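Text of work_35.pdb, listed as PDB, C-alpha atoms:
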ATOM      1  CA  MET C   1     -49.775 -35.873  20.194
ATOM      2  CA  ALA C   2     -47.545 -34.476  17.487
ATOM      3  CA  THR C   3     -45.317 -31.423  17.799
ATOM      4  CA  ASP C   4     -46.368 -28.337  15.838
ATOM      5  CA  SER C   5     -43.235 -26.367  14.976
ATOM      6  CA  ALA C   6     -45.206 -23.111  15.320
ATOM      7  CA  ALA C   7     -46.620 -24.081  18.703
ATOM      8  CA  ARG C   8     -43.607 -23.335  20.841
ATOM      9  CA  LEU C   9     -42.681 -21.041  23.668
ATOM     10  CA  ASN C  10     -40.458 -18.122  22.711
ATOM     11  CA  GLY C  11     -37.682 -18.784  25.232
ATOM     12  CA  LYS C  12     -35.872 -21.782  26.686
ATOM     13  CA  ASP C  13     -37.174 -21.101  30.219
ATOM     14  CA  VAL C  14     -40.369 -20.489  32.192
ATOM     15  CA  VAL C  15     -39.217 -18.280  35.057
ATOM     16  CA  GLY C  16     -42.389 -16.234  35.555
ATOM     17  CA  ILE C  17     -45.767 -15.182  34.219
ATOM     18  CA  ALA C  18     -44.565 -11.607  33.648
ATOM     19  CA  PRO C  19     -42.381 -12.543  30.621
ATOM     20  CA  LEU C  20     -45.082 -14.710  28.988
ATOM     21  CA  SER C  21     -47.380 -13.291  26.319
ATOM     22  CA  PRO C  22     -51.136 -14.015  26.337
ATOM     23  CA  SER C  23     -50.625 -16.297  23.326
ATOM     24  CA  GLU C  24     -47.964 -18.307  25.186
ATOM     25  CA  ILE C  25     -50.267 -18.634  28.198
ATOM     26  CA  GLN C  26     -53.061 -19.799  25.877
ATOM     27  CA  LEU C  27     -50.690 -22.321  24.277
ATOM     28  CA  ILE C  28     -49.731 -23.806  27.658
ATOM     29  CA  LEU C  29     -53.391 -24.095  28.711
ATOM     30  CA  ASP C  30     -54.399 -25.682  25.392
ATOM     31  CA  THR C  31     -51.512 -28.162  25.556
ATOM     32  CA  ALA C  32     -52.417 -29.111  29.128
ATOM     33  CA  GLU C  33     -55.977 -29.796  27.957
ATOM     34  CA  GLU C  34     -54.643 -32.400  25.524
ATOM     35  CA  LEU C  35     -52.174 -33.912  27.986
ATOM     36  CA  LEU C  36     -54.834 -34.257  30.693
ATOM     37  CA  GLU C  37     -56.013 -37.288  28.740
ATOM     38  CA  VAL C  38     -52.801 -39.167  29.610
ATOM     39  CA  ALA C  39     -53.958 -39.469  33.237
ATOM     40  CA  ARG C  40     -57.045 -41.380  32.062
ATOM     41  CA  ARG C  41     -55.065 -44.074  30.236
ATOM     42  CA  PRO C  42     -54.412 -47.536  31.729
ATOM     43  CA  ILE C  43     -50.680 -46.864  31.213
ATOM     44  CA  LYS C  44     -50.081 -43.240  32.142
ATOM     45  CA  LYS C  45     -46.899 -42.679  30.166
ATOM     46  CA  VAL C  46     -45.827 -41.155  26.830
ATOM     47  CA  PRO C  47     -42.301 -41.110  25.341
ATOM     48  CA  THR C  48     -41.962 -37.341  24.874
ATOM     49  CA  LEU C  49     -38.922 -36.792  27.143
ATOM     50  CA  ARG C  50     -37.328 -40.215  26.736
ATOM     51  CA  GLY C  51     -33.572 -39.806  26.989
ATOM     52  CA  MET C  52     -33.849 -36.382  28.671
ATOM     53  CA  THR C  53     -32.904 -35.589  32.262
ATOM     54  CA  VAL C  54     -34.740 -33.295  34.686
ATOM     55  CA  VAL C  55     -33.163 -32.085  37.942
ATOM     56  CA  ASN C  56     -35.618 -31.075  40.658
ATOM     57  CA  LEU C  57     -33.648 -28.519  42.674
ATOM     58  CA  PHE C  58     -35.796 -27.704  45.709
ATOM     59  CA  MET C  59     -34.187 -25.385  48.246
ATOM     60  CA  GLU C  60     -37.445 -24.946  50.189
ATOM     61  CA  PRO C  61     -39.977 -27.492  51.506
ATOM     62  CA  SER C  62     -42.669 -28.578  49.058
ATOM     63  CA  THR C  63     -45.265 -31.316  48.768
ATOM     64  CA  ARG C  64     -47.764 -30.583  45.981
ATOM     65  CA  THR C  65     -45.401 -28.761  43.615
ATOM     66  CA  ARG C  66     -42.502 -31.180  43.952
ATOM     67  CA  PHE C  67     -44.575 -34.352  43.661
ATOM     68  CA  SER C  68     -46.568 -32.835  40.802
ATOM     69  CA  PHE C  69     -43.396 -32.125  38.831
ATOM     70  CA  GLU C  70     -42.069 -35.613  39.562
ATOM     71  CA  VAL C  71     -45.285 -37.235  38.319
ATOM     72  CA  ALA C  72     -45.297 -35.002  35.219
ATOM     73  CA  GLU C  73     -41.690 -35.916  34.418
ATOM     74  CA  LYS C  74     -42.276 -39.641  34.858
ATOM     75  CA  ARG C  75     -45.403 -39.550  32.685
ATOM     76  CA  LEU C  76     -43.297 -37.952  29.953
ATOM     77  CA  SER C  77     -40.652 -40.720  30.395
ATOM     78  CA  ALA C  78     -37.862 -38.395  31.597
ATOM     79  CA  ASP C  79     -34.988 -39.440  33.826
ATOM     80  CA  THR C  80     -35.243 -37.457  37.074
ATOM     81  CA  LEU C  81     -32.782 -36.411  39.769
ATOM     82  CA  ASN C  82     -34.207 -35.083  43.022
ATOM     83  CA  PHE C  83     -32.090 -32.606  44.957
ATOM     84  CA  SER C  84     -32.786 -31.720  48.591
ATOM     85  CA  ALA C  85     -30.921 -28.770  50.131
ATOM     86  CA  SER C  86     -30.835 -30.398  53.574
ATOM     87  CA  ALA C  87     -28.987 -33.446  52.212
ATOM     88  CA  SER C  88     -26.566 -31.625  49.912
ATOM     89  CA  SER C  89     -23.379 -29.558  49.906
ATOM     90  CA  VAL C  90     -25.501 -26.425  50.300
ATOM     91  CA  THR C  91     -25.414 -27.153  54.039
ATOM     92  CA  LYS C  92     -21.604 -26.900  53.787
ATOM     93  CA  GLY C  93     -21.723 -23.416  52.250
ATOM     94  CA  GLU C  94     -21.811 -24.211  48.528
ATOM     95  CA  THR C  95     -23.435 -21.425  46.477
ATOM     96  CA  LEU C  96     -26.407 -21.912  44.149
ATOM     97  CA  PHE C  97     -24.247 -21.296  41.095
ATOM     98  CA  ASP C  98     -21.549 -23.748  42.158
ATOM     99  CA  THR C  99     -24.279 -26.309  42.766
ATOM    100  CA  ALA C 100     -25.754 -25.567  39.331
ATOM    101  CA  ARG C 101     -22.358 -25.825  37.601
ATOM    102  CA  ASN C 102     -21.794 -29.219  39.168
ATOM    103  CA  LEU C 103     -25.231 -30.346  38.083
ATOM    104  CA  MET C 104     -24.612 -29.071  34.545
ATOM    105  CA  ALA C 105     -21.531 -31.309  34.388
ATOM    106  CA  MET C 106     -24.072 -34.160  34.350
ATOM    107  CA  SER C 107     -25.767 -32.631  31.247
ATOM    108  CA  PRO C 108     -29.375 -32.210  32.437
ATOM    109  CA  ASP C 109     -31.910 -30.856  29.956
ATOM    110  CA  PHE C 110     -34.153 -29.159  32.549
ATOM    111  CA  ILE C 111     -33.724 -27.768  36.058
ATOM    112  CA  VAL C 112     -36.872 -27.197  38.108
ATOM    113  CA  ILE C 113     -35.931 -24.843  40.920
ATOM    114  CA  ARG C 114     -37.621 -23.619  44.091
ATOM    115  CA  HIS C 115     -35.540 -21.098  46.008
ATOM    116  CA  PRO C 116     -36.107 -18.734  48.960
ATOM    117  CA  ASN C 117     -34.389 -15.833  47.170
ATOM    118  CA  THR C 118     -36.320 -13.685  44.732
ATOM    119  CA  GLY C 119     -34.850 -13.843  41.227
ATOM    120  CA  ALA C 120     -32.751 -16.987  41.728
ATOM    121  CA  PRO C 121     -34.321 -18.861  38.745
ATOM    122  CA  HIS C 122     -33.887 -15.794  36.510
ATOM    123  CA  ARG C 123     -30.185 -15.513  37.361
ATOM    124  CA  LEU C 124     -29.655 -19.242  36.924
ATOM    125  CA  ALA C 125     -31.335 -19.174  33.494
ATOM    126  CA  LYS C 126     -28.641 -16.763  32.284
ATOM    127  CA  GLU C 127     -25.831 -19.007  33.507
ATOM    128  CA  VAL C 128     -26.789 -22.464  32.231
ATOM    129  CA  SER C 129     -27.893 -23.976  28.939
ATOM    130  CA  ALA C 130     -30.561 -26.204  30.532
ATOM    131  CA  SER C 131     -34.159 -24.998  30.534
ATOM    132  CA  ILE C 132     -35.042 -23.450  33.893
ATOM    133  CA  ILE C 133     -38.559 -23.787  35.302
ATOM    134  CA  ASN C 134     -39.440 -21.656  38.310
ATOM    135  CA  ALA C 135     -41.220 -23.650  41.028
ATOM    136  CA  GLY C 136     -41.373 -20.593  43.307
ATOM    137  CA  ASP C 137     -38.801 -17.894  44.126
ATOM    138  CA  GLY C 138     -39.074 -15.998  47.394
ATOM    139  CA  ILE C 139     -42.124 -13.729  47.398
ATOM    140  CA  ASN C 140     -41.780 -13.054  43.675
ATOM    141  CA  GLU C 141     -43.539 -15.614  41.452
ATOM    142  CA  HIS C 142     -44.913 -19.147  41.243
ATOM    143  CA  PRO C 143     -45.808 -19.362  37.543
ATOM    144  CA  THR C 144     -46.885 -22.989  37.297
ATOM    145  CA  GLN C 145     -49.345 -22.498  40.168
ATOM    146  CA  ALA C 146     -50.960 -19.537  38.406
ATOM    147  CA  LEU C 147     -51.176 -21.547  35.180
ATOM    148  CA  LEU C 148     -52.870 -24.500  36.882
ATOM    149  CA  ASP C 149     -55.240 -22.098  38.641
ATOM    150  CA  ALA C 150     -56.130 -20.490  35.312
ATOM    151  CA  PHE C 151     -56.574 -23.919  33.744
ATOM    152  CA  THR C 152     -58.969 -24.920  36.533
ATOM    153  CA  MET C 153     -61.005 -21.727  36.043
ATOM    154  CA  ARG C 154     -61.107 -22.218  32.278
ATOM    155  CA  GLN C 155     -62.381 -25.781  32.638
ATOM    156  CA  ARG C 156     -65.470 -24.453  34.401
ATOM    157  CA  PHE C 157     -66.026 -21.094  32.687
ATOM    158  CA  LYS C 158     -64.481 -21.809  29.226
ATOM    159  CA  SER C 159     -62.783 -18.390  29.185
ATOM    160  CA  LEU C 160     -60.897 -16.171  31.628
ATOM    161  CA  ASP C 161     -61.981 -12.975  29.922
ATOM    162  CA  GLY C 162     -64.384 -11.023  32.134
ATOM    163  CA  LEU C 163     -64.166 -13.358  35.133
ATOM    164  CA  LYS C 164     -64.347 -11.694  38.539
ATOM    165  CA  VAL C 165     -61.652 -13.303  40.689
ATOM    166  CA  VAL C 166     -61.063 -12.623  44.376
ATOM    167  CA  VAL C 167     -57.642 -13.386  45.864
ATOM    168  CA  ALA C 168     -57.810 -13.099  49.651
ATOM    169  CA  GLY C 169     -55.362 -13.573  52.483
ATOM    170  CA  ASP C 170     -51.659 -12.870  52.832
ATOM    171  CA  ILE C 171     -51.216 -11.012  49.537
ATOM    172  CA  ARG C 172     -48.038  -9.198  50.611
ATOM    173  CA  HIS C 173     -45.938 -12.338  51.053
ATOM    174  CA  SER C 174     -47.579 -14.523  48.378
ATOM    175  CA  ARG C 175     -45.807 -15.399  45.132
ATOM    176  CA  VAL C 176     -48.999 -17.244  44.143
ATOM    177  CA  ALA C 177     -50.978 -14.008  44.384
ATOM    178  CA  ARG C 178     -48.458 -12.092  42.275
ATOM    179  CA  SER C 179     -48.344 -14.684  39.487
ATOM    180  CA  ASN C 180     -52.137 -14.978  39.439
ATOM    181  CA  ILE C 181     -52.507 -11.192  39.233
ATOM    182  CA  TYR C 182     -50.102 -11.028  36.278
ATOM    183  CA  LEU C 183     -51.825 -13.884  34.456
ATOM    184  CA  LEU C 184     -55.425 -12.869  35.066
ATOM    185  CA  ASN C 185     -54.741  -9.285  34.028
ATOM    186  CA  LYS C 186     -53.119 -10.479  30.804
ATOM    187  CA  MET C 187     -56.125 -12.702  30.043
ATOM    188  CA  GLY C 188     -58.828 -10.080  30.682
ATOM    189  CA  ALA C 189     -60.125 -11.060  34.126
ATOM    190  CA  GLU C 190     -61.023  -8.604  36.887
ATOM    191  CA  VAL C 191     -58.911  -9.189  40.003
ATOM    192  CA  ARG C 192     -59.874  -8.097  43.502
ATOM    193  CA  CYS C 193     -57.653  -8.588  46.532
ATOM    194  CA  ALA C 194     -58.908  -8.675  50.125
ATOM    195  CA  ALA C 195     -56.757  -8.639  53.252
ATOM    196  CA  PRO C 196     -56.029  -6.642  56.383
ATOM    197  CA  ALA C 197     -53.960  -3.543  55.573
ATOM    198  CA  SER C 198     -50.889  -5.206  57.100
ATOM    199  CA  LEU C 199     -51.095  -7.997  54.494
ATOM    200  CA  LEU C 200     -51.709  -5.838  51.409
ATOM    201  CA  PRO C 201     -48.682  -4.729  49.351
ATOM    202  CA  LEU C 202     -48.372  -1.007  48.684
ATOM    203  CA  GLU C 203     -48.044  -1.396  44.898
ATOM    204  CA  LEU C 204     -51.268  -3.391  44.480
ATOM    205  CA  GLU C 205     -53.271  -0.741  42.612
ATOM    206  CA  LYS C 206     -50.361  -0.237  40.197
ATOM    207  CA  LEU C 207     -50.882  -3.868  39.196
ATOM    208  CA  GLY C 208     -54.457  -3.092  38.128
ATOM    209  CA  VAL C 209     -56.067  -4.714  41.163
ATOM    210  CA  VAL C 210     -58.951  -3.428  43.300
ATOM    211  CA  PRO C 211     -57.911  -3.742  46.992
ATOM    212  CA  HIS C 212     -60.420  -4.387  49.790
ATOM    213  CA  LEU C 213     -59.883  -4.244  53.540
ATOM    214  CA  ARG C 214     -62.907  -6.481  54.161
ATOM    215  CA  LEU C 215     -63.755  -9.774  52.523
ATOM    216  CA  GLU C 216     -67.512  -9.340  52.067
ATOM    217  CA  PRO C 217     -67.490  -6.424  49.566
ATOM    218  CA  ALA C 218     -64.753  -8.134  47.536
ATOM    219  CA  LEU C 219     -66.893 -11.277  47.273
ATOM    220  CA  GLU C 220     -69.974  -9.581  45.825
ATOM    221  CA  GLY C 221     -70.659 -11.055  42.380
ATOM    222  CA  ALA C 222     -67.379 -13.008  42.332
ATOM    223  CA  ASP C 223     -66.951 -16.010  40.003
ATOM    224  CA  VAL C 224     -63.846 -17.386  41.730
ATOM    225  CA  VAL C 225     -62.625 -17.077  45.322
ATOM    226  CA  MET C 226     -58.992 -18.005  45.946
ATOM    227  CA  MET C 227     -57.939 -18.119  49.591
ATOM    228  CA  LEU C 228     -54.297 -17.880  50.670
ATOM    229  CA  ARG C 229     -52.678 -18.962  53.917
ATOM    230  CA  ILE C 230     -50.786 -16.575  56.195
ATOM    231  CA  GLN C 231     -47.113 -17.124  55.378
ATOM    232  CA  GLN C 232     -45.681 -16.764  58.851
ATOM    233  CA  GLU C 233     -42.310 -18.152  57.710
ATOM    234  CA  ARG C 234     -41.822 -15.030  55.541
ATOM    235  CA  GLN C 235     -42.834 -12.520  58.217
ATOM    236  CA  GLY C 236     -40.341 -11.076  60.683
ATOM    237  CA  GLN C 237     -43.206 -10.630  63.122
ATOM    238  CA  SER C 238     -46.891 -11.440  63.029
ATOM    239  CA  ASN C 239     -48.945  -9.027  60.930
ATOM    240  CA  ILE C 240     -52.221  -9.967  62.614
ATOM    241  CA  PRO C 241     -53.332  -9.875  66.287
ATOM    242  CA  THR C 242     -54.365 -13.548  66.576
ATOM    243  CA  LEU C 243     -55.325 -16.402  64.254
ATOM    244  CA  ARG C 244     -58.748 -16.530  65.909
ATOM    245  CA  GLU C 245     -59.402 -12.879  65.173
ATOM    246  CA  TYR C 246     -58.235 -13.391  61.596
ATOM    247  CA  TYR C 247     -60.724 -16.242  61.190
ATOM    248  CA  ASP C 248     -63.534 -14.116  62.615
ATOM    249  CA  PHE C 249     -62.953 -11.312  60.111
ATOM    250  CA  PHE C 250     -61.328 -12.827  57.018
ATOM    251  CA  ALA C 251     -61.930 -16.576  56.805
ATOM    252  CA  LEU C 252     -64.070 -17.897  53.960
ATOM    253  CA  THR C 253     -67.062 -19.370  55.780
ATOM    254  CA  PRO C 254     -70.322 -20.706  54.308
ATOM    255  CA  GLU C 255     -72.014 -17.436  55.308
ATOM    256  CA  ARG C 256     -69.430 -15.254  53.569
ATOM    257  CA  LEU C 257     -69.371 -17.444  50.466
ATOM    258  CA  LYS C 258     -73.038 -16.492  49.875
ATOM    259  CA  PHE C 259     -71.845 -12.996  48.869
ATOM    260  CA  ALA C 260     -70.237 -14.541  45.753
ATOM    261  CA  ASN C 261     -72.113 -15.886  42.749
ATOM    262  CA  GLN C 262     -74.089 -19.052  43.386
ATOM    263  CA  ASN C 263     -71.764 -21.129  41.167
ATOM    264  CA  ALA C 264     -68.528 -19.460  42.301
ATOM    265  CA  LEU C 265     -65.469 -21.700  42.516
ATOM    266  CA  VAL C 266     -63.506 -22.000  45.755
ATOM    267  CA  MET C 267     -59.763 -22.418  45.269
ATOM    268  CA  HIS C 268     -56.653 -22.694  47.443
ATOM    269  CA  PRO C 269     -53.043 -23.340  46.348
ATOM    270  CA  GLY C 270     -52.274 -25.237  49.567
ATOM    271  CA  PRO C 271     -51.242 -25.995  52.134
ATOM    272  CA  MET C 272     -54.529 -25.026  53.786
ATOM    273  CA  ASN C 273     -54.828 -23.906  57.373
ATOM    274  CA  ARG C 274     -58.361 -24.995  58.180
ATOM    275  CA  GLY C 275     -60.031 -22.793  60.728
ATOM    276  CA  VAL C 276     -57.742 -19.863  59.855
ATOM    277  CA  GLU C 277     -58.297 -18.642  56.272
ATOM    278  CA  ILE C 278     -60.925 -21.199  55.274
ATOM    279  CA  ASP C 279     -63.658 -23.146  57.019
ATOM    280  CA  SER C 280     -63.654 -26.921  56.515
ATOM    281  CA  ALA C 281     -67.264 -26.818  55.340
ATOM    282  CA  VAL C 282     -66.167 -24.594  52.454
ATOM    283  CA  ALA C 283     -62.901 -26.414  51.715
ATOM    284  CA  ASP C 284     -64.770 -29.709  51.399
ATOM    285  CA  GLY C 285     -67.962 -28.246  49.930
ATOM    286  CA  GLU C 286     -69.532 -28.649  46.493
ATOM    287  CA  GLN C 287     -68.030 -25.401  45.181
ATOM    288  CA  SER C 288     -64.478 -26.388  46.098
ATOM    289  CA  VAL C 289     -62.122 -27.357  43.247
ATOM    290  CA  ILE C 290     -59.038 -27.615  45.449
ATOM    291  CA  LEU C 291     -58.335 -31.268  44.588
ATOM    292  CA  GLU C 292     -58.974 -30.531  40.901
ATOM    293  CA  GLN C 293     -56.198 -27.943  41.138
ATOM    294  CA  VAL C 294     -53.818 -30.713  42.231
ATOM    295  CA  THR C 295     -54.838 -32.934  39.302
ATOM    296  CA  ASN C 296     -54.498 -30.052  36.867
ATOM    297  CA  GLY C 297     -51.063 -29.205  38.227
ATOM    298  CA  VAL C 298     -49.643 -32.398  36.707
ATOM    299  CA  ALA C 299     -51.124 -31.579  33.273
ATOM    300  CA  ILE C 300     -49.793 -28.000  33.350
ATOM    301  CA  ARG C 301     -46.289 -29.107  34.307
ATOM    302  CA  MET C 302     -46.356 -31.789  31.617
ATOM    303  CA  ALA C 303     -47.386 -29.117  29.107
ATOM    304  CA  ILE C 304     -44.501 -26.805  30.050
ATOM    305  CA  LEU C 305     -41.931 -29.594  29.806
ATOM    306  CA  TYR C 306     -43.469 -30.757  26.516
ATOM    307  CA  LEU C 307     -43.376 -27.280  24.977
ATOM    308  CA  LEU C 308     -39.875 -26.460  26.185
ATOM    309  CA  ALA C 309     -38.605 -29.760  24.762
ATOM    310  CA  GLY C 310     -40.346 -29.008  21.473
ATOM    311  CA  GLY C 311     -38.804 -25.579  21.402
ATOM    312  CA  ARG C 312     -35.279 -26.983  21.640
ATOM    313  CA  SER C 313     -35.316 -30.228  19.694
ATOM    314  CA  GLU C 314     -37.539 -32.680  17.902
ATOM    315  CA  PHE C 315     -38.842 -35.580  19.926
ATOM    316  CA  PRO C 316     -40.954 -38.692  19.302
ATOM    317  CA  SER C 317     -44.661 -38.317  18.661
ATOM    318  CA  ASP C 318     -46.931 -39.642  21.389
ATOM    319  CA  SER C 319     -49.760 -40.468  19.013
TER
END

Target format structure tokens, applied to this file:
Amino acid sequence: MATDSAARLNGKDVVGIAPLSPSEIQLILDTAEELLEVARRPIKKVPTLRGMTVVNLFMEPSTRTRFSFEVAEKRLSADTLNFSASASSVTKGETLFDTARNLMAMSPDFIVIRHPNTGAPHRLAKEVSASIINAGDGINEHPTQALLDAFTMRQRFKSLDGLKVVVAGDIRHSRVARSNIYLLNKMGAEVRCAAPASLLPLELEKLGVVPHLRLEPALEGADVVMMLRIQQERQGQSNIPTLREYYDFFALTPERLKFANQNALVMHPGPMNRGVEIDSAVADGEQSVILEQVTNGVAIRMAILYLLAGGRSEFPSDS
């Protein structure tokens, strides 16, 4: 895979979907399509990032996102450093920027950061020369998740334009929901959100989204149904009476799924809470592409690293 000098992202960082243009989003999705082939090779490795260093700076727990980035980096032949807040000087009171300055003394090329504070990747991007990739900041954005979700939809429907997408669950506290709303609006999809009033953000309609207080009307004629977990760790107090009542009224069950189109995709960014926001029969059913999302996450993160490297320096062809 050769680098096209015109096929580059405009900035040195990917800190959110909001700053990306539709053409940049299209470029990332197209590049991921090509890089998906690497996973099918007997030797799943290309030399694109050979000699480059990636720091994975995760200040919050993560399984899928962290491992996905690590696999992507290794498949691109990068050297990786994995940073865990619980085993670092952060526990001794060191600030994010002091941590970053110490890391920069080791000359990394990329820093992948997940942080509980909204805007942390954006602030860090202004302070360091390394490319910053946002792996989730507070309740703000999770851009690589939205990109892999869009990639998964595009694999099945060929285009995002005109798709009817339902995002249901804890919208208020979900960075995944916000990034998906930004991306899908930019690419011409129709977004509907469904949740109890206590889990719907006030500014939702300003984002061009149709809000629903019940799941069934939101599902009518839907092409994609994306369920979100209740993020209790971000709530000062519970915003729902009980998990059982939530399941009874808002869980995606086989019966409720029938309101959507017959070939509608079922998605979930994980981790799933089975028996709360989604029934196991749906999560494991024929319409579920939840495991495909995980596979596609590696390709998307490879594509972002590939394009950011190409935007800063020449690197060896993989072909």

Spatial neighbours of C:Arg114, 6 Å, all atoms listed in the file, chain gap at least 2 places, as a count of residues only: 5

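For the pair atom CA of C:Asn140 and atom CA of C:Ala197, the interatomic distance is 19.5 Å.
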
Each residue of stretch 112-196 of chain C with at least one atom at most 10 Å from stretch 29-44 of chain C should appear once, together with its nearest atom pair and the corresponding distance in Å (one decimal); atoms considered: only C-alpha atoms; ordering: chain, then increasing residue number; output as JSON lines.
{"residue": "C:Leu147", "atom": "CA", "partner": "C:Leu29", "partner_atom": "CA", "distance": 7.3}
{"residue": "C:Leu148", "atom": "CA", "partner": "C:Leu29", "partner_atom": "CA", "distance": 8.2}
{"residue": "C:Ala150", "atom": "CA", "partner": "C:Leu29", "partner_atom": "CA", "distance": 8.0}
{"residue": "C:Phe151", "atom": "CA", "partner": "C:Leu29", "partner_atom": "CA", "distance": 6.0}
{"residue": "C:Thr152", "atom": "CA", "partner": "C:Leu29", "partner_atom": "CA", "distance": 9.6}
{"residue": "C:Arg154", "atom": "CA", "partner": "C:Leu29", "partner_atom": "CA", "distance": 8.7}
{"residue": "C:Gln155", "atom": "CA", "partner": "C:Glu33", "partner_atom": "CA", "distance": 8.9}

Who sits within 8 Å of stretch 239-252 of chain C, only C-alpha atoms, same chain under 6 positions skipped, as a count of residues only: 13

Explicit residues for the PyMOL selection byres ((chain C and resi 217) around 10) (as number ranges by chain): C: 192, 194, 212-216, 218-222, 256, 259-260

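Considering the residues C:Arg156, C:Lys12, C:Arg50, C:Arg66 and counting all atoms listed in the file, C:Ala125 has its shortest atom-to-atom contact with C:Lys12.
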
Length of the atom CA of C:Ile17 to atom CA of C:Thr63 vector [Å]: 21.7 Å

Spatial neighbours of C:Arg301, max dist 9 Å, only C-alpha atoms, sep filter under 3 positions, as a VMD selection string: chain C and resid 32 68 to 69 72 to 73 144 148 296 to 298 304 to 306

Atom CA of C:Glu60 to atom CA of C:Asn10, straight-line distance in Å: 28.5 Å
